[in-house]
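Peer 1: Following this line is target.txt, made up of compact mmCIF, C-alpha atoms:
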```
# COMPACT_ATOMS: atom_id res chain seq x y z
CA MET A 1 72.81 96.43 122.63
CA VAL A 2 76.52 97.13 122.83
CA VAL A 3 77.94 100.66 122.79
CA HIS A 4 81.53 101.38 121.79
CA GLU A 5 83.49 104.55 122.49
CA SER A 6 84.92 104.66 118.97
CA ALA A 7 84.81 102.98 115.59
CA ALA A 8 88.31 101.61 116.18
CA GLU A 9 87.17 100.01 119.45
CA PHE A 10 84.16 98.50 117.66
CA LEU A 11 86.34 97.08 114.88
CA ALA A 12 88.79 95.64 117.41
CA ALA A 13 85.93 93.80 119.15
CA LEU A 14 84.27 92.70 115.90
CA LYS A 15 83.74 88.97 115.43
CA PRO A 16 82.99 87.45 111.99
CA ASP A 17 79.78 85.79 113.18
CA LEU A 18 78.38 88.89 114.90
CA ASP A 19 74.68 89.47 114.27
CA GLY A 20 72.78 92.72 114.48
CA CYS A 21 73.25 96.13 112.94
CA VAL A 22 75.45 99.17 113.40
CA ILE A 23 74.13 102.62 114.24
CA THR A 24 76.81 105.19 113.57
CA ASP A 25 77.38 108.89 113.05
CA LEU A 26 79.20 110.54 110.16
CA ARG A 27 81.48 112.52 112.45
CA MET A 28 83.25 110.69 115.21
CA PRO A 29 86.68 111.08 116.78
CA GLY A 30 89.31 109.15 114.89
CA MET A 31 87.55 107.07 112.27
CA ASP A 32 84.37 108.61 110.84
CA GLY A 33 81.22 106.72 109.88
CA MET A 34 82.09 106.44 106.18
CA ALA A 35 85.50 104.99 107.04
CA LEU A 36 83.80 102.54 109.41
CA GLN A 37 81.43 101.49 106.63
CA ALA A 38 84.38 100.98 104.27
CA ALA A 39 86.33 99.02 106.91
CA LEU A 40 83.36 96.69 107.47
CA ARG A 41 82.99 96.15 103.73
CA LYS A 42 86.74 95.49 103.36
CA ALA A 43 86.60 92.99 106.23
CA GLY A 44 83.77 91.18 104.43
CA ASN A 45 81.39 91.87 107.30
CA ALA A 46 77.79 92.20 106.17
CA LEU A 47 76.40 94.01 109.23
CA PRO A 48 73.84 96.53 108.00
CA ILE A 49 74.53 100.16 108.92
CA VAL A 50 72.11 102.90 109.91
CA PHE A 51 73.59 106.38 109.86
CA LEU A 52 72.18 108.75 112.49
CA THR A 53 73.82 112.12 112.19
CA GLY A 54 73.47 115.82 112.81
CA HIS A 55 75.87 116.63 110.00
CA GLY A 56 74.22 114.98 107.03
CA ASP A 57 73.92 116.37 103.56
CA ILE A 58 72.78 114.95 100.24
CA PRO A 59 76.25 113.91 98.97
CA ALA A 60 77.00 112.13 102.26
CA SER A 61 73.65 110.35 102.26
CA VAL A 62 74.14 109.27 98.65
CA GLN A 63 77.63 107.97 99.44
CA ALA A 64 76.36 106.08 102.49
CA MET A 65 73.46 104.50 100.61
CA ARG A 66 75.70 103.53 97.68
CA GLY A 67 77.98 101.93 100.23
CA GLY A 68 75.10 99.74 101.35
CA ALA A 69 73.69 101.65 104.33
CA GLU A 70 70.21 100.60 105.37
CA ASP A 71 69.18 104.16 106.10
CA PHE A 72 70.52 107.67 106.63
CA LEU A 73 68.67 109.68 109.26
CA THR A 74 69.18 113.01 110.96
CA LYS A 75 69.38 113.12 114.73
CA HIS A 76 66.08 115.01 114.69
CA ALA A 77 64.26 112.15 112.93
CA PRO A 78 61.29 110.74 114.83
CA LYS A 79 62.20 107.75 116.98
CA GLU A 80 59.68 105.68 114.98
CA ASP A 81 61.84 106.24 111.88
CA LEU A 82 64.93 105.06 113.74
CA ILE A 83 63.12 102.00 115.09
CA ALA A 84 61.82 101.18 111.61
CA ALA A 85 65.32 101.54 110.14
CA VAL A 86 66.81 99.29 112.83
CA ASN A 87 64.07 96.69 112.28
CA ARG A 88 64.77 96.71 108.52
CA ALA A 89 68.50 96.41 109.21
CA LEU A 90 67.95 93.48 111.57
CA ALA A 91 65.70 91.76 109.02
CA ARG A 92 68.35 92.31 106.34
CA ASN A 93 70.99 90.87 108.67
CA GLU A 94 68.84 87.78 109.24
CA GLN A 95 68.30 87.31 105.50
CA GLY A 96 72.02 87.69 104.91
CA ARG A 97 72.87 85.19 107.63
CA THR A 98 70.40 82.69 106.16
CA GLU A 99 71.86 83.17 102.67
CA ARG A 100 75.46 82.81 103.93
CA ALA A 101 74.50 79.56 105.71
CA ARG A 102 72.82 78.27 102.53
CA LEU A 103 75.89 79.06 100.44
CA GLN A 104 78.19 77.46 103.00
CA ALA A 105 76.09 74.29 102.86
CA LEU A 106 76.27 74.31 99.05
CA ARG A 107 80.04 74.88 99.06
CA GLN A 108 80.92 72.34 101.73
CA PRO A 109 80.84 69.24 99.45
CA PHE A 110 83.29 70.95 97.08
CA GLU A 111 85.86 70.85 99.87
CA LEU A 112 85.80 67.05 99.58
CA LEU A 113 87.15 67.18 96.03
CA THR A 114 90.81 66.49 95.41
CA ASP A 115 92.88 68.88 93.31
CA ARG A 116 92.74 66.44 90.37
CA GLU A 117 88.95 66.13 90.70
CA ARG A 118 88.71 69.93 90.58
CA GLU A 119 90.77 69.90 87.38
CA VAL A 120 88.50 67.29 85.83
CA LEU A 121 85.45 69.25 87.00
CA ARG A 122 86.68 72.40 85.23
CA HIS A 123 87.08 70.44 82.01
CA VAL A 124 83.67 68.78 82.37
CA LEU A 125 82.07 72.20 82.82
CA GLN A 126 83.73 73.32 79.60
CA GLY A 127 81.82 70.54 77.86
CA LYS A 128 84.85 68.41 77.08
CA LEU A 129 84.57 64.68 76.49
CA ASN A 130 86.44 62.17 78.66
CA LYS A 131 88.96 61.55 75.88
CA GLN A 132 89.68 65.28 75.52
CA ILE A 133 90.05 65.66 79.28
CA ALA A 134 92.43 62.70 79.40
CA ASP A 135 94.55 64.19 76.60
CA ASP A 136 94.60 67.63 78.26
CA LEU A 137 95.60 66.23 81.66
CA GLY A 138 97.90 63.50 80.39
CA ILE A 139 95.98 60.71 82.11
CA HIS A 140 94.08 57.64 80.96
CA GLU A 141 90.44 57.99 79.89
CA ARG A 142 89.38 55.41 82.50
CA THR A 143 90.98 57.58 85.18
CA VAL A 144 88.88 60.52 83.98
CA LYS A 145 85.75 58.36 84.26
CA LEU A 146 86.76 57.38 87.79
CA HIS A 147 87.28 61.02 88.77
CA ARG A 148 83.90 61.97 87.27
CA THR A 149 82.25 59.21 89.31
CA HIS A 150 83.91 60.51 92.48
CA ILE A 151 82.80 64.05 91.66
CA THR A 152 79.17 63.10 91.12
CA ARG A 153 79.11 61.01 94.31
CA LYS A 154 80.74 63.65 96.48
CA LEU A 155 78.53 66.42 95.11
CA GLN A 156 75.45 64.16 94.98
CA VAL A 157 74.49 65.04 91.40
CA HIS A 158 73.36 62.78 88.58
CA SER A 159 74.03 64.79 85.45
CA VAL A 160 76.33 67.42 84.02
CA ALA A 161 73.39 69.84 83.98
CA GLU A 162 72.87 69.36 87.72
CA LEU A 163 76.59 69.73 88.25
CA ALA A 164 76.73 72.98 86.29
CA HIS A 165 73.73 74.34 88.19
CA LEU A 166 75.30 73.43 91.55
CA VAL A 167 78.62 75.03 90.65
CA GLN A 168 76.87 78.21 89.53
CA GLU A 169 74.60 78.39 92.57
CA ALA A 170 77.46 77.74 95.00
CA GLY A 171 79.67 80.26 93.23
CA VAL A 172 82.70 78.00 93.20
CA LEU A 173 85.42 77.56 90.62
```
Represent the structure contained in this file as structure tokens.

Peer 2:
Amino acid sequence: MVVHESAAEFLAALKPDLDGCVITDLRMPGMDGMALQAALRKAGNALPIVFLTGHGDIPASVQAMRGGAEDFLTKHAPKEDLIAAVNRALARNEQGRTERARLQALRQPFELLTDREREVLRHVLQGKLNKQIADDLGIHERTVKLHRTHITRKLQVHSVAELAHLVQEAGVL
């Protein structure tokens, strides 16, 4: 467990690969809990947040939960509730980390593609024939076939259907 004096101090020490969860209050000196939640979201950090506050109300709890908070508790909540919320947040963090690793593994082969192969890939995914792709790109049809071969080898797929599925699952292009 790491404790920070302020949200700004926490954000300054934040690393992209940090695991865990954040327990924060709504009211803090400087940056409040909602601003911290927004800053984490803007930074693309998926750390789950548990709000623990003495100043909560329904609109604040709704805003926090819509912003992706794992839970919103009052400071008078039983410690079992806080422990359960932290355990859920840690489980969510683990699931998110696993999903991010899976997506990174899916996306990595796409980094091997050249710019021209990416162009050909876009056309292939539009259902265009080699001749149409060649005309659109101003290259020879045999060159398109060569690029398609390189694409399928690099991405380790055997059909356009597999290719389309991989592109969709990886969320690229």

Peer 1: To one decimal place, how far is atom CA of Leu173 of chain A from atom CA of Ser159 of chain A in Å?

Peer 2: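 Atom-to-atom, atom CA of Leu173 of chain A to atom CA of Ser159 of chain A, that is 17.9 Å.
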
Peer 1: When you look at segment 116-127 of chain A with a cut-off of 10 Å (counting only C-alpha atoms), what residues show up, excluding the ones that are within fewer than 5 positions of it in the same chain? I need them as an NGL selection string.

Peer 2: :A and (110-111 or 132-134 or 136-137 or 144-152 or 160-161 or 163-164 or 167 or 173)

Peer 1: Go ahead and write the residues just picked, C-alpha atoms, as a PDB file, in the coordinates of the input.

Peer 2:
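Final output, result.pdb:
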```pdb
ATOM      1  CA  PHE A 110      83.290  70.950  97.080  1.00  0.00           C
ATOM      2  CA  GLU A 111      85.860  70.850  99.870  1.00  0.00           C
ATOM      3  CA  GLN A 132      89.680  65.280  75.520  1.00  0.00           C
ATOM      4  CA  ILE A 133      90.050  65.660  79.280  1.00  0.00           C
ATOM      5  CA  ALA A 134      92.430  62.700  79.400  1.00  0.00           C
ATOM      6  CA  ASP A 136      94.600  67.630  78.260  1.00  0.00           C
ATOM      7  CA  LEU A 137      95.600  66.230  81.660  1.00  0.00           C
ATOM      8  CA  VAL A 144      88.880  60.520  83.980  1.00  0.00           C
ATOM      9  CA  LYS A 145      85.750  58.360  84.260  1.00  0.00           C
ATOM     10  CA  LEU A 146      86.760  57.380  87.790  1.00  0.00           C
ATOM     11  CA  HIS A 147      87.280  61.020  88.770  1.00  0.00           C
ATOM     12  CA  ARG A 148      83.900  61.970  87.270  1.00  0.00           C
ATOM     13  CA  THR A 149      82.250  59.210  89.310  1.00  0.00           C
ATOM     14  CA  HIS A 150      83.910  60.510  92.480  1.00  0.00           C
ATOM     15  CA  ILE A 151      82.800  64.050  91.660  1.00  0.00           C
ATOM     16  CA  THR A 152      79.170  63.100  91.120  1.00  0.00           C
ATOM     17  CA  VAL A 160      76.330  67.420  84.020  1.00  0.00           C
ATOM     18  CA  ALA A 161      73.390  69.840  83.980  1.00  0.00           C
ATOM     19  CA  LEU A 163      76.590  69.730  88.250  1.00  0.00           C
ATOM     20  CA  ALA A 164      76.730  72.980  86.290  1.00  0.00           C
ATOM     21  CA  VAL A 167      78.620  75.030  90.650  1.00  0.00           C
ATOM     22  CA  LEU A 173      85.420  77.560  90.620  1.00  0.00           C
TER      23      LEU A 173
END
```

Peer 1: Looking at all atoms listed in the file, which of A:Glu80, A:Gly68, A:Arg142, A:Ala105 is the one that sits closest to Arg92 of chain A?

Peer 2: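 So, comparing all the options, the nearest one is A:Gly68.
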
Peer 1: Using all atoms listed in the file, which residue out of A:Ala60, A:Ile23, A:Ala46, A:Val3 lies closest to Lys75 of chain A?

Peer 2: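 Selected residue with least distance to Lys75 of chain A: A:Ile23.
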
Peer 1: Work out how far atom CA of Arg66 of chain A is from atom CA of Arg102 of chain A, in Å to one decimal.

Peer 2: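 Straight-line distance from atom CA of Arg102 of chain A to atom CA of Arg66 of chain A works out to 25.9 Å.
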
Peer 1: Which neighbours of Ala64 of chain A fall inside 10 Å, counting all atoms listed in the file, when residues of the same chain fewer than 4 positions from it are skipped, and could you give them as a PDB file with C-alpha atoms, in the coordinates of the input?

Peer 2:
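Once everything was written out, this is part_0.pdb:
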```pdb
ATOM      1  CA  LEU A  26      79.200 110.540 110.160  1.00  0.00           C
ATOM      2  CA  GLY A  33      81.220 106.720 109.880  1.00  0.00           C
ATOM      3  CA  MET A  34      82.090 106.440 106.180  1.00  0.00           C
ATOM      4  CA  GLN A  37      81.430 101.490 106.630  1.00  0.00           C
ATOM      5  CA  ALA A  38      84.380 100.980 104.270  1.00  0.00           C
ATOM      6  CA  ILE A  49      74.530 100.160 108.920  1.00  0.00           C
ATOM      7  CA  VAL A  50      72.110 102.900 109.910  1.00  0.00           C
ATOM      8  CA  PHE A  51      73.590 106.380 109.860  1.00  0.00           C
ATOM      9  CA  ILE A  58      72.780 114.950 100.240  1.00  0.00           C
ATOM     10  CA  PRO A  59      76.250 113.910  98.970  1.00  0.00           C
ATOM     11  CA  ALA A  60      77.000 112.130 102.260  1.00  0.00           C
ATOM     12  CA  GLY A  68      75.100  99.740 101.350  1.00  0.00           C
ATOM     13  CA  ALA A  69      73.690 101.650 104.330  1.00  0.00           C
ATOM     14  CA  GLU A  70      70.210 100.600 105.370  1.00  0.00           C
ATOM     15  CA  ASP A  71      69.180 104.160 106.100  1.00  0.00           C
ATOM     16  CA  PHE A  72      70.520 107.670 106.630  1.00  0.00           C
TER      17      PHE A  72
END
```

Peer 1: When you look at Leu103 of chain A with a cut-off of 12 Å (counting only C-alpha atoms), what residues show up, excluding the ones that are within fewer than 6 positions of it in the same chain? I need them as a ChimeraX atom specification.

Peer 2: /A:96-97,109-110,166-172

Peer 1: Point out the residue among A:Leu106, A:Arg41, A:Leu36, A:Met1 with the least atom-to-atom distance to Pro16 of chain A, counting only C-alpha atoms.

Peer 2: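 Answer, going by the shortest atom-to-atom distance: A:Arg41.
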
Peer 1: Report, in Å with one decimal, the straight-line distance from atom CA of Lys154 of chain A to atom CA of Thr114 of chain A.

Peer 2: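 Atom-to-atom, atom CA of Lys154 of chain A to atom CA of Thr114 of chain A, that is 10.5 Å.
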
Peer 1: Counting only C-alpha atoms, figure out which residue out of A:Leu82, A:Met28, A:Ala8, A:Ala101 gets nearest to Leu40 of chain A.

Peer 2: A:Ala8

Peer 1: When distances are computed from all atoms listed in the file, which of A:Leu14, A:Gly56, A:Lys128, A:Ser6 shows the smallest separation from Asp32 of chain A?

Peer 2: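 With all atoms listed in the file as the atom set, the closest residue is A:Ser6.
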
Peer 1: May I ask which of the residues A:Val2, A:Val62, A:Ile139, A:Cys21 is the closest one to Ala85 of chain A, counting all atoms listed in the file?

Peer 2: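 Closest candidate: A:Cys21.
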